[in-house]
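*Asks:* As input, take target.cif (mmCIF, C-alpha atoms):
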```cif
data_entry
loop_
_atom_site.label_atom_id
_atom_site.label_comp_id
_atom_site.auth_asym_id
_atom_site.auth_seq_id
_atom_site.Cartn_x
_atom_site.Cartn_y
_atom_site.Cartn_z
CA MET A 1 -113.29 -115.87 11.52
CA GLU A 2 -110.72 -118.64 11.59
CA PRO A 3 -108.08 -117.82 14.18
CA ILE A 4 -105.14 -118.32 11.85
CA ASN A 5 -106.58 -115.99 9.24
CA MET A 6 -107.18 -113.53 12.00
CA ILE A 7 -103.57 -113.64 13.13
CA LYS A 8 -102.51 -113.23 9.51
CA SER A 9 -104.79 -110.25 8.91
CA LEU A 10 -103.67 -108.73 12.21
CA LEU A 11 -100.04 -109.07 11.23
CA SER A 12 -100.68 -107.55 7.79
CA GLN A 13 -102.65 -104.69 9.39
CA LEU A 14 -99.86 -104.20 11.87
CA SER A 15 -97.21 -104.34 9.17
CA LYS A 16 -99.10 -101.76 7.08
CA HIS A 17 -99.08 -99.35 9.97
CA LEU A 18 -95.54 -100.12 10.95
CA LYS A 19 -93.95 -100.80 7.58
CA ILE A 20 -92.13 -97.50 7.27
CA LYS A 21 -91.21 -97.41 10.93
CA VAL A 22 -89.92 -100.98 10.86
CA LEU A 23 -87.76 -100.26 7.81
CA LEU A 24 -86.38 -97.18 9.51
CA VAL A 25 -85.69 -99.16 12.65
CA PHE A 26 -83.90 -101.88 10.69
CA ALA A 27 -81.78 -99.28 8.95
CA ILE A 28 -80.85 -97.66 12.25
CA ALA A 29 -80.20 -101.03 13.86
CA SER A 30 -77.85 -102.22 11.16
CA ALA A 31 -76.02 -98.89 10.99
CA VAL A 32 -75.60 -98.78 14.75
CA THR A 33 -74.30 -102.31 15.04
CA VAL A 34 -71.70 -101.78 12.34
CA GLU A 35 -70.58 -98.53 13.95
CA SER A 36 -70.41 -99.89 17.46
CA VAL A 37 -68.27 -102.84 16.50
CA ALA A 38 -66.16 -101.02 13.95
CA SER A 39 -65.19 -98.39 16.50
CA ASP A 40 -63.23 -100.80 18.69
CA ASP A 41 -61.37 -102.48 15.88
CA SER A 42 -58.25 -102.96 17.97
CA GLU A 43 -59.91 -105.50 20.27
CA GLU A 44 -60.92 -108.90 19.04
CA PHE A 45 -64.67 -109.15 18.45
CA ASN A 46 -66.25 -111.47 21.00
CA PRO A 47 -69.75 -112.50 19.89
CA GLY A 48 -70.56 -114.27 23.19
CA GLU A 49 -69.87 -111.16 25.22
CA MET A 50 -71.81 -108.94 22.83
CA ILE A 51 -74.83 -111.26 22.90
CA ASN A 52 -74.70 -111.58 26.67
CA HIS A 53 -74.57 -107.80 26.99
CA HIS A 54 -77.70 -107.53 24.83
CA ILE A 55 -79.85 -110.11 26.58
CA MET A 56 -78.91 -109.33 30.19
CA ASP A 57 -80.35 -106.71 32.49
CA SER A 58 -78.31 -103.55 33.05
CA HIS A 59 -78.13 -100.40 35.17
CA VAL A 60 -77.45 -98.37 32.03
CA TRP A 61 -79.87 -98.15 29.13
CA GLU A 62 -77.69 -97.97 26.03
CA ILE A 63 -80.08 -96.66 23.36
CA TRP A 64 -77.31 -96.81 20.81
CA HIS A 65 -73.56 -96.82 20.97
CA GLY A 66 -72.36 -93.81 22.92
CA MET A 67 -75.87 -92.66 23.92
CA ASN A 68 -76.50 -93.93 27.42
CA VAL A 69 -79.33 -93.27 29.83
CA TYR A 70 -78.05 -93.77 33.37
CA LEU A 71 -80.83 -95.29 35.46
CA PRO A 72 -81.24 -94.75 39.20
CA VAL A 73 -79.63 -97.19 41.60
CA ILE A 74 -81.54 -98.03 44.79
CA ILE A 75 -79.66 -100.35 47.13
CA TYR A 76 -79.98 -101.52 50.70
CA SER A 77 -77.22 -102.90 52.89
CA GLU A 78 -77.12 -103.48 56.63
CA GLU A 79 -74.18 -101.12 57.13
CA LYS A 80 -75.38 -98.22 55.01
CA GLY A 81 -79.15 -98.57 54.90
CA ILE A 82 -81.08 -97.49 51.81
CA GLU A 83 -79.18 -95.35 49.34
CA SER A 84 -80.19 -93.98 45.97
CA PHE A 85 -78.01 -92.36 43.30
CA SER A 86 -77.49 -92.33 39.55
CA SER A 87 -75.60 -95.22 38.00
CA ALA A 88 -73.53 -92.60 36.10
CA ASN A 89 -71.43 -92.36 39.29
CA PHE A 90 -69.99 -95.79 38.53
CA PHE A 91 -68.33 -94.59 35.31
CA ASP A 92 -65.56 -92.09 34.62
CA ALA A 93 -65.36 -89.89 31.51
CA ASP A 94 -64.04 -92.76 29.37
CA HIS A 95 -66.83 -95.11 30.48
CA ASN A 96 -64.55 -97.22 32.67
CA ALA A 97 -66.07 -98.75 35.78
CA ILE A 98 -64.98 -96.98 38.99
CA PRO A 99 -65.99 -97.54 42.62
CA TYR A 100 -68.37 -95.01 44.15
CA ASN A 101 -69.14 -94.19 47.79
CA GLY A 102 -67.97 -97.59 49.02
CA TYR A 103 -69.84 -99.55 46.33
CA VAL A 104 -68.35 -101.49 43.44
CA MET A 105 -70.14 -102.44 40.23
CA ASP A 106 -68.77 -105.40 38.31
CA HIS A 107 -70.71 -106.45 35.19
CA ASP A 108 -73.87 -104.77 36.51
CA HIS A 109 -73.60 -106.56 39.84
CA ILE A 110 -73.28 -104.12 42.73
CA THR A 111 -71.51 -105.13 45.95
CA LEU A 112 -69.94 -103.28 48.85
CA ALA A 113 -66.25 -102.52 48.46
CA SER A 114 -65.61 -105.10 51.18
CA GLY A 115 -67.28 -107.71 48.95
CA ASP A 116 -70.45 -107.98 51.06
CA HIS A 117 -73.82 -108.39 49.42
CA VAL A 118 -76.35 -105.60 48.97
CA LEU A 119 -80.04 -105.85 48.13
CA ASP A 120 -80.49 -104.23 44.74
CA PHE A 121 -83.90 -102.60 44.12
CA SER A 122 -82.66 -100.44 41.25
CA ILE A 123 -84.77 -99.24 38.36
CA THR A 124 -82.79 -101.28 35.85
CA LYS A 125 -83.37 -101.46 32.12
CA ASN A 126 -85.81 -104.35 32.56
CA VAL A 127 -87.73 -102.55 35.30
CA LEU A 128 -87.95 -99.46 33.09
CA PHE A 129 -89.36 -101.56 30.26
CA LEU A 130 -91.75 -103.23 32.67
CA PHE A 131 -93.07 -99.73 33.47
CA ILE A 132 -93.21 -98.84 29.76
CA ASP A 133 -95.08 -102.07 29.03
CA ALA A 134 -97.55 -101.47 31.87
CA GLY A 135 -97.95 -97.81 30.85
CA LEU A 136 -98.72 -98.84 27.26
CA LEU A 137 -101.32 -101.32 28.50
CA LEU A 138 -102.99 -98.69 30.71
CA LEU A 139 -102.93 -96.05 27.96
CA ILE A 140 -104.32 -98.32 25.25
CA PHE A 141 -106.89 -100.21 27.26
CA PHE A 142 -108.29 -97.15 29.05
CA ALA A 143 -108.79 -95.69 25.56
CA VAL A 144 -110.47 -98.93 24.43
CA ALA A 145 -112.68 -99.01 27.54
CA ARG A 146 -113.69 -95.36 26.97
CA GLY A 147 -114.57 -96.33 23.40
CA TYR A 148 -116.96 -99.02 24.66
CA LYS A 149 -118.65 -96.56 27.03
CA LYS A 150 -119.07 -93.96 24.30
CA ASN A 151 -120.09 -96.19 21.36
CA VAL A 152 -122.65 -98.38 23.11
CA GLY A 153 -124.48 -100.39 20.48
CA LYS A 154 -122.46 -98.79 17.69
CA ALA A 155 -119.52 -99.98 15.62
CA PRO A 156 -116.10 -99.63 17.34
CA LYS A 157 -113.96 -96.63 16.40
CA GLY A 158 -110.24 -95.95 16.13
CA ILE A 159 -107.94 -97.99 18.35
CA GLN A 160 -110.96 -99.82 19.72
CA SER A 161 -111.62 -101.42 16.33
CA PHE A 162 -108.03 -102.67 16.15
CA PHE A 163 -108.17 -104.39 19.54
CA GLU A 164 -111.74 -105.69 19.48
CA PRO A 165 -110.96 -108.71 17.24
CA ILE A 166 -107.95 -109.63 19.40
CA ILE A 167 -109.96 -109.37 22.62
CA ILE A 168 -112.75 -111.47 21.09
CA PHE A 169 -110.13 -113.97 19.87
CA VAL A 170 -108.67 -114.35 23.38
CA ARG A 171 -112.14 -114.73 24.86
CA ASP A 172 -113.65 -117.13 22.32
CA GLU A 173 -110.64 -119.19 21.22
CA ILE A 174 -108.44 -119.31 24.33
CA VAL A 175 -110.33 -118.67 27.55
CA LYS A 176 -113.86 -119.93 26.90
CA PRO A 177 -113.00 -123.40 25.50
CA ASN A 178 -110.35 -124.09 28.15
CA ILE A 179 -111.94 -122.77 31.34
CA GLY A 180 -115.56 -123.60 30.56
CA PRO A 181 -118.73 -121.96 31.89
CA LYS A 182 -117.02 -120.00 34.69
CA TYR A 183 -114.65 -118.24 32.30
CA GLU A 184 -115.88 -114.69 32.96
CA ARG A 185 -114.19 -114.43 36.38
CA TYR A 186 -110.78 -115.17 34.86
CA LEU A 187 -111.15 -113.20 31.61
CA PRO A 188 -109.61 -109.92 32.93
CA TYR A 189 -106.50 -111.78 34.15
CA MET A 190 -106.17 -113.72 30.90
CA LEU A 191 -106.52 -110.59 28.74
CA THR A 192 -103.95 -108.75 30.86
CA LEU A 193 -101.60 -111.73 30.64
CA PHE A 194 -101.97 -112.01 26.87
CA PHE A 195 -101.44 -108.33 26.11
CA PHE A 196 -98.67 -107.89 28.70
CA ILE A 197 -96.67 -110.78 27.23
CA TRP A 198 -97.45 -109.82 23.64
CA PHE A 199 -96.43 -106.18 24.12
CA GLY A 200 -93.38 -107.24 26.13
CA ASN A 201 -92.28 -109.60 23.36
CA LEU A 202 -92.78 -106.95 20.68
CA LEU A 203 -91.01 -104.28 22.75
CA GLY A 204 -88.08 -106.66 23.19
CA LEU A 205 -87.68 -106.91 19.40
CA LEU A 206 -87.08 -103.18 19.05
CA PRO A 207 -83.41 -102.25 18.77
CA GLY A 208 -82.08 -100.78 22.01
CA ALA A 209 -84.97 -102.19 24.03
CA ALA A 210 -84.66 -104.48 27.05
CA ASN A 211 -85.23 -108.22 26.85
CA LEU A 212 -88.23 -107.99 29.20
CA THR A 213 -90.10 -111.28 28.69
CA GLY A 214 -86.78 -113.05 28.14
CA ASN A 215 -85.92 -112.41 31.78
CA ILE A 216 -86.56 -115.42 33.97
CA ALA A 217 -87.63 -113.28 36.94
CA VAL A 218 -90.43 -111.68 34.91
CA THR A 219 -91.69 -115.02 33.60
CA LEU A 220 -91.36 -116.46 37.12
CA VAL A 221 -93.77 -113.84 38.49
CA LEU A 222 -96.22 -114.40 35.63
CA ALA A 223 -96.15 -118.17 36.23
CA LEU A 224 -96.48 -117.61 39.99
CA LEU A 225 -99.65 -115.56 39.44
CA THR A 226 -101.13 -118.46 37.47
CA LEU A 227 -100.09 -120.89 40.23
CA VAL A 228 -101.73 -118.73 42.92
CA ILE A 229 -104.96 -118.33 40.94
CA THR A 230 -105.06 -122.06 40.12
CA THR A 231 -104.47 -123.03 43.75
CA PHE A 232 -107.08 -120.67 45.18
CA SER A 233 -109.75 -121.46 42.62
CA GLY A 234 -109.27 -125.24 42.90
CA ASN A 235 -112.55 -126.95 43.87
CA LYS A 236 -113.20 -130.18 45.75
CA ASN A 237 -112.95 -132.15 42.55
CA TYR A 238 -109.47 -130.75 41.74
CA TRP A 239 -107.99 -131.48 45.17
CA GLY A 240 -109.70 -134.86 45.14
CA HIS A 241 -107.83 -135.71 41.95
CA ILE A 242 -104.54 -134.81 43.61
CA PHE A 243 -104.84 -136.35 47.08
CA ASN A 244 -107.27 -139.18 46.38
CA THR A 245 -106.92 -139.93 42.69
CA PRO A 246 -110.06 -141.80 41.64
CA GLY A 247 -109.71 -145.17 39.95
CA VAL A 248 -106.22 -145.86 41.32
CA PRO A 249 -105.64 -148.99 43.45
CA PHE A 250 -104.78 -148.21 47.07
CA ALA A 251 -101.30 -149.76 46.81
CA LEU A 252 -100.34 -147.29 44.08
CA LYS A 253 -101.46 -144.19 46.03
CA PRO A 254 -98.08 -143.63 47.77
CA ILE A 255 -96.55 -143.25 44.30
CA ILE A 256 -99.34 -141.33 42.58
CA VAL A 257 -99.95 -138.70 45.29
CA PRO A 258 -96.36 -137.34 45.36
CA VAL A 259 -96.34 -137.29 41.56
CA GLU A 260 -99.59 -135.30 41.56
CA ILE A 261 -98.21 -132.88 44.16
CA ILE A 262 -95.06 -132.34 42.09
CA GLY A 263 -97.40 -131.83 39.13
CA ILE A 264 -98.90 -128.73 40.80
CA PHE A 265 -95.49 -127.06 40.60
CA THR A 266 -94.17 -128.43 37.30
CA LYS A 267 -97.04 -126.78 35.40
CA PRO A 268 -96.08 -123.17 36.25
CA ILE A 269 -92.37 -124.04 35.97
CA SER A 270 -92.92 -125.22 32.40
CA LEU A 271 -94.76 -121.93 31.68
CA MET A 272 -91.85 -119.98 33.11
CA ILE A 273 -89.11 -121.84 31.21
CA ARG A 274 -90.99 -121.91 27.91
CA LEU A 275 -91.51 -118.15 27.63
CA PHE A 276 -88.02 -117.37 28.92
CA VAL A 277 -86.28 -119.71 26.50
CA ALA A 278 -88.38 -118.85 23.46
CA ILE A 279 -87.73 -115.13 23.75
CA THR A 280 -84.10 -115.26 24.93
CA ALA A 281 -83.09 -117.81 22.32
CA GLY A 282 -84.79 -115.76 19.62
CA HIS A 283 -82.58 -112.83 20.57
CA ILE A 284 -79.49 -115.08 20.70
CA VAL A 285 -80.20 -116.44 17.21
CA ILE A 286 -80.68 -112.96 15.71
CA LEU A 287 -77.52 -111.61 17.34
CA SER A 288 -75.44 -114.69 16.46
CA LEU A 289 -76.40 -114.42 12.79
CA LEU A 290 -75.65 -110.70 12.89
CA SER A 291 -72.20 -111.28 14.40
CA LEU A 292 -71.28 -113.62 11.51
CA THR A 293 -70.57 -110.43 9.54
CA PHE A 294 -67.98 -109.33 12.06
CA ILE A 295 -66.47 -112.79 12.45
CA PHE A 296 -65.87 -113.15 8.69
CA HIS A 297 -65.08 -109.43 8.05
CA SER A 298 -66.90 -109.60 4.74
CA TYR A 299 -69.54 -107.46 3.04
CA LEU A 300 -70.90 -110.50 1.21
CA VAL A 301 -71.58 -112.34 4.46
CA GLY A 302 -73.03 -109.07 5.75
CA ILE A 303 -75.61 -108.94 2.97
CA GLY A 304 -76.47 -112.61 3.47
CA SER A 305 -76.78 -112.37 7.24
CA THR A 306 -78.87 -109.18 6.96
CA LEU A 307 -81.34 -111.00 4.74
CA VAL A 308 -81.47 -113.99 7.10
CA VAL A 309 -81.79 -111.74 10.17
CA THR A 310 -84.65 -109.84 8.53
CA PHE A 311 -86.38 -113.16 7.88
CA ILE A 312 -85.77 -114.34 11.47
CA ASN A 313 -87.09 -111.00 12.73
CA PHE A 314 -90.40 -111.65 10.96
CA ILE A 315 -90.48 -115.15 12.44
CA GLU A 316 -89.86 -113.54 15.83
CA LEU A 317 -92.94 -111.34 15.28
CA LEU A 318 -94.90 -114.57 14.81
CA VAL A 319 -93.20 -116.20 17.82
CA ALA A 320 -94.04 -113.15 19.96
CA THR A 321 -97.73 -113.70 19.20
CA ILE A 322 -97.63 -117.50 19.47
CA GLN A 323 -95.81 -117.43 22.84
CA ALA A 324 -98.35 -114.96 24.26
CA TYR A 325 -101.10 -117.25 22.91
CA VAL A 326 -99.48 -120.41 24.31
CA PHE A 327 -98.87 -118.87 27.77
CA THR A 328 -102.47 -117.65 27.98
CA MET A 329 -103.82 -120.95 26.66
CA PHE A 330 -101.90 -123.11 29.14
CA SER A 331 -102.78 -120.76 32.01
CA SER A 332 -106.46 -121.07 31.18
CA LEU A 333 -106.07 -124.83 30.72
CA TYR A 334 -104.60 -125.17 34.24
CA ILE A 335 -107.27 -122.93 35.75
CA GLY A 336 -109.86 -124.88 33.76
CA MET A 337 -108.61 -128.12 35.37
CA ALA A 338 -108.97 -126.50 38.79
CA VAL A 339 -112.56 -125.31 38.33
CA GLU A 340 -113.86 -128.27 36.32
CA GLU A 341 -116.97 -129.85 37.80
CA HIS A 342 -117.33 -133.57 38.29
CA HIS A 343 -118.84 -135.36 35.32
CA MET B 344 -54.19 -137.46 30.83
CA LEU B 345 -57.87 -137.83 31.64
CA LEU B 346 -57.79 -134.59 33.62
CA SER B 347 -56.22 -132.70 30.73
CA ILE B 348 -59.00 -133.94 28.44
CA LEU B 349 -61.66 -133.00 30.97
CA MET B 350 -60.16 -129.56 31.50
CA ASP B 351 -59.90 -128.87 27.78
CA MET B 352 -62.50 -126.19 27.05
CA SER B 353 -62.37 -126.63 23.29
CA LEU B 354 -63.73 -130.17 23.71
CA ALA B 355 -66.61 -128.78 25.75
CA ILE B 356 -67.40 -126.32 22.97
CA MET B 357 -67.31 -129.14 20.43
CA GLY B 358 -69.66 -131.10 22.67
CA ALA B 359 -72.02 -128.13 22.80
CA GLY B 360 -72.02 -127.96 19.02
CA ILE B 361 -72.72 -131.68 18.64
CA GLY B 362 -75.43 -131.50 21.29
CA SER B 363 -77.27 -128.63 19.65
CA GLY B 364 -77.01 -130.49 16.35
CA LEU B 365 -78.68 -133.52 17.93
CA VAL B 366 -81.42 -131.29 19.34
CA ALA B 367 -81.94 -129.87 15.86
CA ILE B 368 -82.34 -133.42 14.47
CA GLY B 369 -84.96 -134.19 17.11
CA ALA B 370 -86.84 -130.96 16.54
CA GLY B 371 -86.67 -131.50 12.77
CA LEU B 372 -88.19 -134.98 13.14
CA GLY B 373 -90.91 -133.59 15.40
CA ILE B 374 -91.85 -130.67 13.16
CA GLY B 375 -91.67 -132.94 10.12
CA ARG B 376 -94.15 -135.34 11.68
CA ILE B 377 -96.50 -132.52 12.67
CA GLY B 378 -96.27 -130.94 9.23
CA GLY B 379 -96.85 -134.27 7.47
CA SER B 380 -99.84 -135.18 9.61
CA ALA B 381 -101.32 -131.70 9.27
CA MET B 382 -101.00 -131.84 5.47
CA GLU B 383 -102.72 -135.22 5.45
CA ALA B 384 -105.49 -133.96 7.72
CA MET B 385 -106.00 -130.87 5.55
CA ALA B 386 -106.10 -132.97 2.39
CA ARG B 387 -108.71 -135.27 3.91
CA GLN B 388 -110.83 -132.49 5.34
CA PRO B 389 -110.14 -129.22 3.53
CA GLU B 390 -113.00 -127.53 5.41
CA ALA B 391 -111.09 -128.00 8.70
CA ALA B 392 -107.84 -126.60 7.24
CA GLY B 393 -107.92 -123.42 9.34
CA ARG B 394 -108.33 -125.26 12.64
CA VAL B 395 -105.68 -127.85 11.74
CA GLN B 396 -103.26 -125.09 10.79
CA THR B 397 -103.73 -123.28 14.12
CA ALA B 398 -103.16 -126.45 16.11
CA MET B 399 -100.14 -127.26 13.94
CA LEU B 400 -98.57 -123.86 14.54
CA VAL B 401 -99.05 -124.07 18.30
CA ILE B 402 -97.51 -127.54 18.56
CA ALA B 403 -94.70 -126.55 16.20
CA ALA B 404 -94.01 -123.61 18.52
CA LEU B 405 -93.78 -126.01 21.48
CA ILE B 406 -91.22 -128.14 19.63
CA GLU B 407 -89.34 -125.07 18.49
CA VAL B 408 -88.85 -124.12 22.14
CA ILE B 409 -87.20 -127.51 22.72
CA ALA B 410 -84.84 -126.80 19.81
CA LEU B 411 -84.12 -123.41 21.34
CA PHE B 412 -83.13 -125.11 24.62
CA GLY B 413 -80.26 -126.50 22.56
CA VAL B 414 -79.34 -123.00 21.39
CA VAL B 415 -79.33 -121.63 24.94
CA VAL B 416 -77.27 -124.51 26.36
CA CYS B 417 -74.79 -124.31 23.49
CA PHE B 418 -74.53 -120.55 24.00
CA LEU B 419 -73.93 -120.87 27.73
CA ILE B 420 -71.23 -123.52 27.27
CA SER B 421 -69.47 -121.58 24.52
CA LEU B 422 -69.48 -118.48 26.77
CA LYS B 423 -67.37 -120.37 29.30
CA GLY B 424 -64.73 -121.10 26.67
#
```
Represent the structure of the file as structure tokens.
*Replies:*
Amino acid sequence: MEPINMIKSLLSQLSKHLKIKVLLVFAIASAVTVESVASDDSEEFNPGEMINHHIMDSHVWEIWHGMNVYLPVIIYSEEKGIESFSSANFFDADHNAIPYNGYVMDHDHITLASGDHVLDFSITKNVLFLFIDAGLLLLIFFAVARGYKKNVGKAPKGIQSFFEPIIIFVRDEIVKPNIGPKYERYLPYMLTLFFFIWFGNLLGLLPGAANLTGNIAVTLVLALLTLVITTFSGNKNYWGHIFNTPGVPFALKPIIVPVEIIGIFTKPISLMIRLFVAITAGHIVILSLLSLTFIFHSYLVGIGSTLVVTFINFIELLVATIQAYVFTMFSSLYIGMAVEEHH
Amino acid sequence: MLLSILMDMSLAIMGAGIGSGLVAIGAGLGIGRIGGSAMEAMARQPEAAGRVQTAMLVIAALIEVIALFGVVVCFLISLKG
């Protein structure tokens, strides 16, 4: 099947299953946003602050306005050692920030009361969603793997039949053409990468969810994994291209070699920045258009911006898939360059 | 005089707006070129339309990210205001 048709049919399948849920979620999302902003009418509405609050990591998971899940704080400082307590301790009954046990939290940044730094290992909102994302992957793909053990030689069943075309797509359209004959060693990593990013992107689009793949630390680790795998699977040919570029006059080597060495690092950095920006900016665009309603104080603008936001949300569904595809494709391209044989 | 202009945050916000507009022009040109070439390619070889469309979408996504850089920078500057 052509890949684009496959993405289309996947999206339509997905939308069939999720249509009612998505509508419900939209309804809740719009209701909640109106409520949360309408409730503090006395203050001036600050879109920048609202957007920042939505895309940044936090010690409190605000499912909707007024319903908070306080996540555990785990911190280490030289004076006090490792300490663990609920982040609810940082708030009084009216949800104002208060110091606790010699620690101060200012805009989700915890320091000692003296102003000294602490190492923060807390289970923040992003970490929680990282766990949810990983748990989803384990749950779904153990089920799919069980399906393959049970239905050997038979047609796939249930959830297995939903994921089989996607797995085949990643294998045949992304990994195989870019890595070449040795693709099988890297296929598990590539599939994990694709589904982790895809699920993370989709999770991030849910209202109340964390902006997981729009966090630069998460994308940094993903890009670092690709860098490590590329570096360790590089063959003689790959390193030869970097340190002794063939076909280049000797006088140019002092210029070419540093450029090639920088090139090792710019590749994963571009992966990191691309995913981070695509997802974060998507959230910023949605939230900016939504806040137009509250800037203009008008129902008419509200109807218009709701329509536009709904449209952008569907584009974001597409972007979620394309960014997972692009990240996996460039990762396999870089690994493919490292394992390519001389020809 | 110069210092008061440099310290004026509203000018910085205006600059952010102009900058993101320029980025949008660049991205528009890029996506326009991709779209035009893809249409031509599809018209010449309708049997390759699926493959052309996939490649077009991927490259358009790459350019879109550049446009979104503009959004992020504009957002960060306007936050300081």
*Asks:* Using only C-alpha atoms, determine which residues lie at most 10 Å from A:Val221, disregarding the query and same-chain residues fewer than 5 positions distant; provide the list as a VMD selection string.
*Replies:* chain A and resid 216 226 to 227 268 272
*Asks:* How would the residues just picked look written out with C-alpha atoms as an mmCIF file, keeping the file's coordinate frame?
*Replies:*
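Wrote it out as selection_14.cif, contents follow:
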```
data_model
loop_
_atom_site.group_PDB
_atom_site.id
_atom_site.type_symbol
_atom_site.label_atom_id
_atom_site.label_comp_id
_atom_site.auth_asym_id
_atom_site.auth_seq_id
_atom_site.Cartn_x
_atom_site.Cartn_y
_atom_site.Cartn_z
ATOM 1 C CA ILE A 216 -86.560 -115.420 33.970
ATOM 2 C CA THR A 226 -101.130 -118.460 37.470
ATOM 3 C CA LEU A 227 -100.090 -120.890 40.230
ATOM 4 C CA PRO A 268 -96.080 -123.170 36.250
ATOM 5 C CA MET A 272 -91.850 -119.980 33.110
#
```
*Asks:* May I ask which of the residues A:Ala145, A:Leu119, A:Ile335, A:Leu130 is the closest one to A:Ala217, counting only C-alpha atoms?
*Replies:*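 For A:Ala217, the nearest of the given residues is A:Leu130.
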*Asks:* Applying the PyMOL selection byres ((chain B) within 10 of (chain A)) to the file I just gave you, which residues come out? Please list them as an MDAnalysis selection string.
*Replies:* chainID B and resid 391:398 400:402 404:405 407:416 418:419 421:424
*Asks:* Care to translate the PyMOL selection byres ((chain B and resi 378) around 12) into actual residues of this file, as a PyMOL selection string?
*Replies:* chain B and resi 370-377+379-385+395-403+406
*Asks:* Write out as a list in words each polymer residue whose atoms come within 12 Å of A:Ile82, counting only C-alpha atoms; drop sequence neighbours fewer than 2 positions from it.
*Replies:*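 The residues that qualify are Val73, Ile74, Ile75, Tyr76, Ser77, Glu78, Glu79, Lys80, Ser84, Phe85, Val118, Leu119, Asp120, Phe121 and Ser122 of chain A.
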